[in-house]
Each structure stands twice: as structure tokens, then as C-alpha cells.
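Novice: Supplied structure: target-v4.tsv, TSV, C-alpha atoms and all ligand atoms.
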```
chain	number	residue	atom	x	y	z
A	1	MET	CA	60.41	-10.18	-40.70
A	2	LYS	CA	60.67	-13.55	-39.02
A	3	LYS	CA	64.25	-12.76	-38.10
A	4	PHE	CA	63.17	-9.50	-36.50
A	5	PHE	CA	60.63	-11.29	-34.33
A	6	LEU	CA	63.19	-13.91	-33.38
A	7	ILE	CA	65.68	-11.24	-32.31
A	8	LEU	CA	63.01	-9.61	-30.16
A	9	LEU	CA	62.11	-12.95	-28.67
A	10	VAL	CA	65.73	-13.65	-27.75
A	11	ALA	CA	66.14	-10.14	-26.28
A	12	GLN	CA	63.03	-10.68	-24.23
A	13	SER	CA	64.12	-14.07	-22.88
A	14	ALA	CA	67.46	-12.60	-21.91
A	15	HIS	CA	65.55	-10.02	-19.91
A	16	LEU	CA	63.38	-12.58	-18.22
A	17	ASN	CA	66.50	-14.22	-16.88
A	18	GLY	CA	67.41	-10.91	-15.30
A	19	ALA	CA	70.75	-9.98	-13.88
A	20	PRO	CA	72.63	-11.82	-11.14
A	21	ASP	CA	71.27	-11.35	-7.63
A	22	ASP	CA	74.58	-10.12	-6.28
A	23	PHE	CA	74.33	-6.35	-6.43
A	24	GLU	CA	78.08	-5.95	-6.57
A	25	THR	CA	78.33	-7.75	-9.86
A	26	GLY	CA	74.69	-7.31	-10.89
A	27	GLY	CA	73.08	-4.66	-12.98
A	28	SER	CA	72.77	-4.38	-16.71
A	29	SER	CA	75.75	-3.80	-18.92
A	30	LYS	CA	76.29	-0.19	-19.98
A	31	ALA	CA	75.01	-0.75	-23.52
A	32	LEU	CA	71.98	-2.70	-22.34
A	33	PHE	CA	71.21	-0.08	-19.70
A	34	PHE	CA	71.15	2.76	-22.22
A	35	PHE	CA	69.15	0.69	-24.69
A	36	ASN	CA	66.63	-0.07	-21.93
A	37	LYS	CA	66.51	3.52	-20.77
A	38	ARG	CA	65.93	4.97	-24.23
A	39	PHE	CA	63.44	2.26	-25.02
A	40	GLY	CA	61.61	2.86	-21.74
A	41	GLU	CA	61.45	6.58	-22.44
A	42	VAL	CA	59.95	6.01	-25.87
A	43	ILE	CA	57.37	3.57	-24.54
A	44	ALA	CA	56.54	5.86	-21.61
A	45	MET	CA	55.96	8.82	-23.92
A	46	LYS	CA	53.89	6.75	-26.31
A	47	THR	CA	51.68	5.40	-23.57
A	48	GLY	CA	51.39	8.80	-21.88
A	49	GLY	CA	52.46	7.64	-18.44
A	50	PRO	CA	51.66	9.73	-15.38
A	51	TYR	CA	54.98	11.50	-15.45
A	52	GLU	CA	56.83	13.85	-17.69
A	53	PHE	CA	59.75	11.92	-19.10
A	54	GLU	CA	61.64	14.81	-20.57
A	55	GLY	CA	63.42	15.42	-17.29
A	56	ARG	CA	61.24	18.43	-16.50
A	57	LEU	CA	59.17	18.71	-13.39
A	58	ILE	CA	55.41	18.72	-13.69
A	59	GLU	CA	52.76	19.92	-11.32
A	60	GLY	CA	52.61	17.73	-8.24
A	61	VAL	CA	56.24	16.74	-8.60
A	62	ALA	CA	58.81	18.58	-6.54
A	63	GLU	CA	62.51	18.40	-5.89
A	64	ALA	CA	63.25	15.73	-3.31
A	65	SER	CA	64.58	16.89	0.04
A	66	ASN	CA	68.34	16.93	0.54
A	67	GLU	CA	67.91	14.03	2.93
A	68	PHE	CA	66.35	11.86	0.22
A	69	LYS	CA	68.92	13.00	-2.32
A	70	GLU	CA	71.66	11.93	0.08
A	71	MET	CA	69.98	8.57	0.71
A	72	VAL	CA	69.68	7.92	-3.02
A	73	LYS	CA	73.30	8.90	-3.56
A	74	GLU	CA	74.39	6.55	-0.80
A	75	ALA	CA	72.45	3.63	-2.33
A	76	GLN	CA	73.82	4.40	-5.81
A	77	GLU	CA	77.33	4.29	-4.38
A	78	VAL	CA	76.68	1.05	-2.51
A	79	TYR	CA	75.32	-0.57	-5.70
A	80	GLN	CA	78.32	0.83	-7.59
A	81	ILE	CA	76.12	2.40	-10.25
A	82	PRO	CA	78.36	4.34	-12.66
A	83	PRO	CA	77.81	8.14	-12.40
A	84	GLU	CA	76.35	8.41	-15.92
A	85	GLN	CA	73.67	5.83	-15.05
A	86	ARG	CA	72.58	7.53	-11.82
A	87	LEU	CA	69.04	8.90	-12.00
A	88	PRO	CA	67.82	11.99	-10.13
A	89	VAL	CA	65.17	11.74	-7.42
A	90	TYR	CA	61.95	13.71	-7.17
A	91	GLN	CA	59.17	13.78	-4.65
A	92	ALA	CA	55.71	13.20	-6.05
A	93	GLN	CA	52.19	12.48	-5.00
A	94	LEU	CA	51.72	8.81	-5.83
A	95	GLU	CA	48.86	6.49	-5.01
A	96	ASP	CA	48.71	5.91	-1.28
A	97	THR	CA	50.08	2.38	-1.31
A	98	THR	CA	53.04	3.23	-3.54
A	99	SER	CA	56.11	4.37	-1.62
A	100	GLY	CA	58.24	4.97	-4.66
A	101	LYS	CA	58.50	4.39	-8.37
A	102	ALA	CA	61.53	3.90	-10.57
A	103	GLU	CA	60.84	5.40	-14.00
A	104	PRO	CA	63.20	5.64	-16.98
A	105	ASP	CA	64.08	9.26	-16.24
A	106	ALA	CA	64.07	9.44	-12.46
A	107	ILE	CA	63.17	7.92	-9.13
A	108	TYR	CA	59.92	9.28	-7.67
A	109	LEU	CA	59.31	9.04	-3.94
A	110	ASN	CA	55.85	9.45	-2.51
A	111	GLU	CA	55.33	12.47	-0.29
A	112	SER	CA	53.61	10.18	2.23
A	113	LEU	CA	56.91	8.31	2.65
A	114	THR	CA	58.13	11.03	5.00
A	115	MET	CA	55.45	9.93	7.50
A	116	LYS	CA	56.96	6.45	7.71
A	117	PRO	CA	59.77	5.39	10.08
A	118	TYR	CA	63.30	6.24	8.98
A	119	GLY	CA	64.18	2.59	8.30
A	120	ALA	CA	61.18	2.19	5.96
A	121	GLN	CA	62.22	5.35	4.07
A	122	ARG	CA	65.78	4.13	3.69
A	123	PHE	CA	64.66	0.65	2.62
A	124	THR	CA	62.33	2.11	-0.02
A	125	VAL	CA	65.16	4.22	-1.42
A	126	TYR	CA	67.42	1.16	-1.64
A	127	HIS	CA	64.58	-0.81	-3.26
A	128	GLU	CA	63.89	1.83	-5.93
A	129	VAL	CA	67.58	2.37	-6.69
A	130	ALA	CA	67.89	-1.41	-7.16
A	131	HIS	CA	65.15	-1.18	-9.83
A	132	THR	CA	67.06	1.56	-11.60
A	133	GLN	CA	70.25	-0.52	-11.52
A	134	HIS	CA	68.50	-3.02	-13.79
A	135	CYS	CA	66.24	-0.48	-15.52
A	136	ASP	CA	63.34	-2.78	-14.67
A	137	VAL	CA	60.72	-0.37	-15.97
A	138	ALA	CA	62.02	-0.63	-19.52
A	139	ARG	CA	62.36	-4.36	-19.26
A	140	ASP	CA	58.58	-4.53	-18.84
A	141	ALA	CA	58.20	-2.92	-22.24
A	142	LEU	CA	60.64	-5.39	-23.73
A	143	ARG	CA	58.61	-8.24	-22.34
A	144	LEU	CA	55.55	-6.87	-24.09
A	145	LEU	CA	57.45	-6.78	-27.36
A	146	GLY	CA	58.64	-10.33	-26.76
A	147	SER	CA	55.07	-11.48	-26.34
A	148	LEU	CA	54.09	-9.65	-29.52
A	149	ALA	CA	56.98	-11.38	-31.24
A	150	VAL	CA	55.68	-14.82	-30.29
A	151	GLY	CA	52.23	-13.90	-31.59
A	152	GLY	CA	53.88	-12.49	-34.71
A	153	ILE	CA	55.77	-15.71	-35.38
A	154	VAL	CA	52.52	-17.64	-35.18
A	155	LEU	CA	51.01	-15.25	-37.73
A	156	VAL	CA	53.97	-15.30	-40.09
A	157	LYS	CA	54.41	-19.05	-39.90
A	158	ASN	CA	50.75	-19.70	-40.59
A	159	PHE	CA	50.16	-16.85	-42.97
A	160	PRO	CA	46.68	-17.74	-44.18
A	161	ASP	CA	44.84	-17.54	-47.49
A	162	GLY	CA	41.34	-16.21	-47.46
A	163	LEU	CA	39.48	-13.88	-45.16
A	164	LEU	CA	38.16	-16.41	-42.67
A	165	SER	CA	41.53	-17.99	-41.92
A	166	THR	CA	43.12	-14.53	-41.71
A	167	VAL	CA	40.60	-13.58	-39.04
A	168	VAL	CA	41.07	-16.87	-37.18
A	169	VAL	CA	44.88	-16.79	-37.23
A	170	SER	CA	45.05	-13.07	-36.39
A	171	SER	CA	42.71	-13.50	-33.45
A	172	TYR	CA	44.71	-16.48	-32.24
A	173	GLY	CA	47.92	-14.44	-32.55
A	174	ALA	CA	46.43	-11.50	-30.65
A	175	LEU	CA	45.08	-13.76	-27.91
A	176	LEU	CA	48.43	-15.49	-27.60
A	177	CYS	CA	50.21	-12.11	-27.29
A	178	THR	CA	47.85	-11.00	-24.55
A	179	LEU	CA	48.09	-14.24	-22.58
A	180	LEU	CA	51.85	-14.41	-22.89
A	181	HIS	CA	52.26	-10.80	-21.83
A	182	GLN	CA	50.06	-11.32	-18.81
A	183	ARG	CA	52.06	-14.35	-17.77
A	184	PHE	CA	55.40	-12.68	-18.45
A	185	ALA	CA	54.36	-9.52	-16.65
A	186	VAL	CA	53.17	-11.27	-13.50
A	187	PHE	CA	56.18	-13.56	-13.38
A	188	ALA	CA	58.67	-10.84	-14.23
A	189	GLN	CA	57.21	-8.30	-11.80
A	190	TYR	CA	57.32	-10.91	-9.07
A	191	LYS	CA	60.97	-11.56	-9.87
A	192	ASP	CA	61.88	-7.87	-10.12
A	193	GLU	CA	60.21	-6.94	-6.83
A	194	ARG	CA	61.80	-9.86	-5.04
A	195	ARG	CA	65.23	-9.03	-6.36
A	196	ALA	CA	64.85	-5.31	-5.52
A	197	ASP	CA	63.76	-6.24	-1.97
A	198	GLU	CA	66.57	-8.77	-1.51
A	199	GLN	CA	69.15	-6.31	-2.79
A	200	ALA	CA	67.78	-3.55	-0.56
A	201	ALA	CA	67.70	-5.78	2.53
A	202	LYS	CA	71.29	-6.94	2.03
A	203	ALA	CA	72.72	-3.62	0.89
A	204	CYS	CA	71.13	-1.34	3.50
A	205	LYS	CA	73.27	-3.17	6.09
A	206	CYS	CA	71.25	-2.06	9.12
A	207	PHE	CA	69.17	-4.33	11.33
A	208	GLU	CA	67.20	-1.44	12.83
A	209	CYS	CA	66.20	-0.18	9.38
A	210	LEU	CA	64.96	-3.67	8.48
A	211	LYS	CA	63.07	-4.03	11.75
A	212	GLU	CA	61.34	-0.71	11.15
A	213	LYS	CA	60.47	-1.75	7.62
A	214	SER	CA	59.28	-5.21	8.67
A	215	ALA	CA	56.92	-3.65	11.24
A	216	ILE	CA	54.81	-2.29	8.38
A	217	ARG	CA	55.30	-5.25	6.02
A	218	SER	CA	52.70	-7.98	5.49
A	219	SER	CA	53.26	-11.50	6.84
A	220	THR	CA	52.05	-13.12	3.65
A	221	THR	CA	53.80	-13.19	0.28
A	222	LYS	CA	52.42	-10.63	-2.13
A	223	GLY	CA	53.74	-9.76	-5.58
A	224	GLY	CA	57.22	-11.06	-4.86
A	225	TYR	CA	57.97	-8.66	-1.99
A	226	LEU	CA	59.79	-10.17	0.98
A	227	THR	CA	57.48	-10.94	3.88
A	228	LYS	CA	57.83	-9.57	7.39
A	229	ASP	CA	59.59	-12.78	8.51
A	230	GLU	CA	61.93	-12.82	5.52
A	231	LEU	CA	62.97	-9.26	6.30
A	232	LEU	CA	63.44	-10.12	9.97
A	233	ALA	CA	65.61	-13.12	9.06
A	234	ILE	CA	67.98	-10.81	7.14
A	235	ALA	CA	67.80	-8.29	10.00
A	236	GLN	CA	68.93	-11.04	12.35
A	237	ARG	CA	71.98	-11.75	10.18
A	238	HIS	CA	72.83	-8.04	10.16
A	239	GLU	CA	72.38	-7.91	13.93
A	240	GLY	CA	74.78	-10.85	14.31
A	241	ASN	CA	77.34	-8.78	12.42
A	242	ASN	CA	76.38	-5.67	14.40
A	243	LEU	CA	75.51	-3.78	11.22
A	244	LEU	CA	73.84	-0.39	11.65
A	245	CYS	CA	73.44	2.62	9.39
A	246	GLU	CA	74.83	5.97	10.49
A	247	TYR	CA	71.44	7.22	11.62
A	248	HIS	CA	70.76	4.27	13.91
A	249	ARG	CA	74.37	4.08	15.06
A	250	SER	CA	74.30	7.63	16.30
A	251	GLY	CA	70.91	6.98	17.90
A	252	ARG	CA	69.52	10.25	16.62
A	253	LYS	CA	65.82	10.85	17.03
A	254	ARG	CA	63.75	12.49	14.34
P	301	ZN	ZN	59.58	-2.29	-6.64
P	302	ZN	ZN	69.33	2.12	9.96
```
How would this structure read if it were set down as C-alpha cells?

Specialist:
Amino acid sequence: MKKFFLILLVAQSAHLNGAPDDFETGGSSKALFFFNKRFGEVIAMKTGGPYEFEGRLIEGVAEASNEFKEMVKEAQEVYQIPPEQRLPVYQAQLEDTTSGKAEPDAIYLNESLTMKPYGAQRFTVYHEVAHTQHCDVARDALRLLGSLAVGGIVLVKNFPDGLLSTVVVSSYGALLCTLLHQRFAVFAQYKDERRADEQAAKACKCFECLKEKSAIRSSTTKGGYLTKDELLAIAQRHEGNNLLCEYHRSGRKR
């Protein structure tokens, strides 16, 4: 049993370290990706998440427009995600502040995203695809297991005699699990969001897209997301290299 907990703990620490920041070499290995994906699906079904994870569409979820499908495909190609790891994209009604969500089975884009400037739409797509490259959603579940493992080790190591000490040690173990998970979750989410934003900003290779995104981005750091100024700094580098996406290059208006 102790060995099992230790293995989980090691798996979880490996996940906390995350993948390299360079999207060209980043991403999880094939085996790890599929383990994460399957694991994420099981957890999602068990916890009854808001979406149907069997690959079927549910009410309120519709096929994404061809434009979004193309954008997702472009990002998947830029990130060099192998075809068998590419997730489909659906349009859904998410909470207002959420532009998109990367789930184990698919990428969901909020219907309200279509109201935002083109650059913000494209950035969101690149951000969500970056999450799927690392299967971040399943890694959250692994972190939870890791925290449980630490609590479990405490229990096993101090396996008590008598009712009172059982209650004390169990409560301590449970409290430790909860605290650890909270810490891991906050830290890991911060790291995941920052990485997804950094990848998106670099990989979208368009200063106009980044300017449009930065116009609706907060100036203060929140949850790991890049700030307005951080986005603009990357936009400036892209501008120096005269990098524009096809849409902005052709100067089309929507
Ligand atoms: Zn994100
Ligand atoms: Zn652009």
C-alpha cells in the first residue's frame, strides 16, 4: 500500500514540474498523454462535470463554426500535436467570464467569444489548444491523488491503535490532503494558465492579435494569466519581426 502511495506521489510531482515551456519540444509524451486523457475522463465522469465526456453533444453544446474548427486545426499544427492527440472543438454556453475550456474529450469555446475581437478569439483558441497539448485538465486530478497519497502515507506510517488515535490521525490525514490539494491546485493552475498564455502569445505570431487581446486583458496579475503589459511586450517583439496572421495581413474586416 505504501508503495502505491509513493508511486502516486512521484507521478504527481512529475506533473507539478510540467512540460518544457518551448511548445515545439513541449507537450506530454504519447503514453503520458493517453494516461492523462483516460484518467481525466474517468474523473470527469465520476464527478459529473458539466459536460458529456462520451464524445456526444449535449443540449447547449453545438458544433463549432468552420472558422473555429480551422483556427483550432491551425494551432494544433503549430504546436505539432500528433493527429491522434488532436481534440475536436465544440461551441458551448459557458459562464460569462470563461472564453474557453479544455476538457479531456474536447475543447469548448464560449458562444460569447464570437462577440470579441478576432485577435482575442484566435488567442483563446491558441490558449486552449496549449492546455490540451499537456492535458492539463487531467493533471489536476492527478494532483488531487498526489495530495491524497501524502495524507495516506501519514496514515499508514502512523497507523494507530485505539479509537481515539484513529480519529486523530485520520482527521490529521484528511486535513493534510485538503490543505495540500488546495496549495497544489492554486500553484499548478497558476503555472498552467501562465504556460498556456505564454505558448499562445508566442505561437500565434501576430502582433495585431496580441494587441486586440491585450485591450481586454487586465493590467494586474490574476491567476497566472499574462497581464496587458506582458502581452504587449510580446506583441512588440512580433511587430519587430513584422509577424502577422493571415487575417491581419490581408487586412480583412469582419
Ligand atoms: Zn486556461
Ligand atoms: Zn492576427

Novice: Find, counting all atoms listed in the file, the residue in A:Leu244, A:Ala215, A:Met71, A:Cys204 that gets nearest to Pro117 in chain A.

Specialist: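 Between A:Leu244, A:Ala215, A:Met71, A:Cys204, the residue approaching Pro117 in chain A most closely is A:Ala215.
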
Novice: Neighbours of ligand ZN 302 (chain P) within 6 Å, counting all atoms listed in the file, as a list in words?

Specialist: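 Every residue with an atom at most 6 Å from ligand ZN 302 (chain P) is listed here: Gly119, Cys206, Glu208, Cys209, Leu244, Cys245, Tyr247 and His248 of chain A.
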
Novice: Would you output that residue set with C-alpha atoms, as a CSV table (one decimal), keeping the file's coordinate frame?

Specialist:
```csv
chain,number,residue,atom,x,y,z
A,119,GLY,CA,64.2,2.6,8.3
A,206,CYS,CA,71.2,-2.1,9.1
A,208,GLU,CA,67.2,-1.4,12.8
A,209,CYS,CA,66.2,-0.2,9.4
A,244,LEU,CA,73.8,-0.4,11.6
A,245,CYS,CA,73.4,2.6,9.4
A,247,TYR,CA,71.4,7.2,11.6
A,248,HIS,CA,70.8,4.3,13.9
```

Novice: Leaving out Lys69 in chain A and any residue of its chain fewer than 4 positions from it, which residues lie within 8 Å of it when counting only C-alpha atoms, given as a PyMOL selection string?

Specialist: chain A and resi 64-65+73+88-89

Novice: Looking at A:Glu239, A:Asp192, A:Glu74, A:Glu84, which one is nearest to ligand ZN 301 (chain P), with distances taken over all atoms listed in the file?

Specialist: A:Asp192

Novice: Which of these residues is nearest to Gln121 in chain A, using all atoms listed in the file: A:Thr166, A:Thr227, A:Ser214, A:Thr178?

Specialist: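 Closest to Gln121 in chain A, using all atoms listed in the file: A:Ser214.
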
Novice: Show me which residues sit within 8 Å of ligand ZN 301 (chain P) when counting all atoms listed in the file, and put them as a PyMOL selection string.

Specialist: chain A and resi 100-102+127-128+131+192-193+196-197

Novice: Can those selected residues be exported to a file as a short mmCIF file (atom, residue, chain, number, x, y, z; two decimals), in the coordinates of the input so that it contains C-alpha atoms?

Specialist:
```cif
data_model
loop_
_atom_site.label_atom_id
_atom_site.label_comp_id
_atom_site.auth_asym_id
_atom_site.auth_seq_id
_atom_site.Cartn_x
_atom_site.Cartn_y
_atom_site.Cartn_z
CA GLY A 100 58.24 4.97 -4.66
CA LYS A 101 58.50 4.39 -8.37
CA ALA A 102 61.53 3.90 -10.57
CA HIS A 127 64.58 -0.81 -3.26
CA GLU A 128 63.89 1.83 -5.93
CA HIS A 131 65.15 -1.18 -9.83
CA ASP A 192 61.88 -7.87 -10.12
CA GLU A 193 60.21 -6.94 -6.83
CA ALA A 196 64.85 -5.31 -5.52
CA ASP A 197 63.76 -6.24 -1.97
#
```

Novice: Between A:Val154, A:Leu231, A:Leu243, A:Leu163, single out the one closest to Gln199 in chain A, counting only C-alpha atoms.

Specialist: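 The shortest atom-to-atom distance to Gln199 in chain A comes from A:Leu231.
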
Novice: Go through A:Phe68, A:Lys116, A:Gln133, A:Glu111 one by one, measure the shortest atom-to-atom distance of each to Arg86 in chain A using only C-alpha atoms, and give the residue with the smallest value.

Specialist: A:Gln133

Novice: Using all atoms listed in the file, which of the listed residues (A:Ala203, A:Leu94, A:Val137, A:Leu144) sits closest to Arg183 in chain A?

Specialist: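 Nearest to Arg183 in chain A: A:Leu144.
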
Novice: Could you please determine the separation between CA of Arg194 in chain A and CA of Pro82 in chain A in Å, to one decimal place?

Specialist: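 These atoms are spaced 23.1 Å apart.
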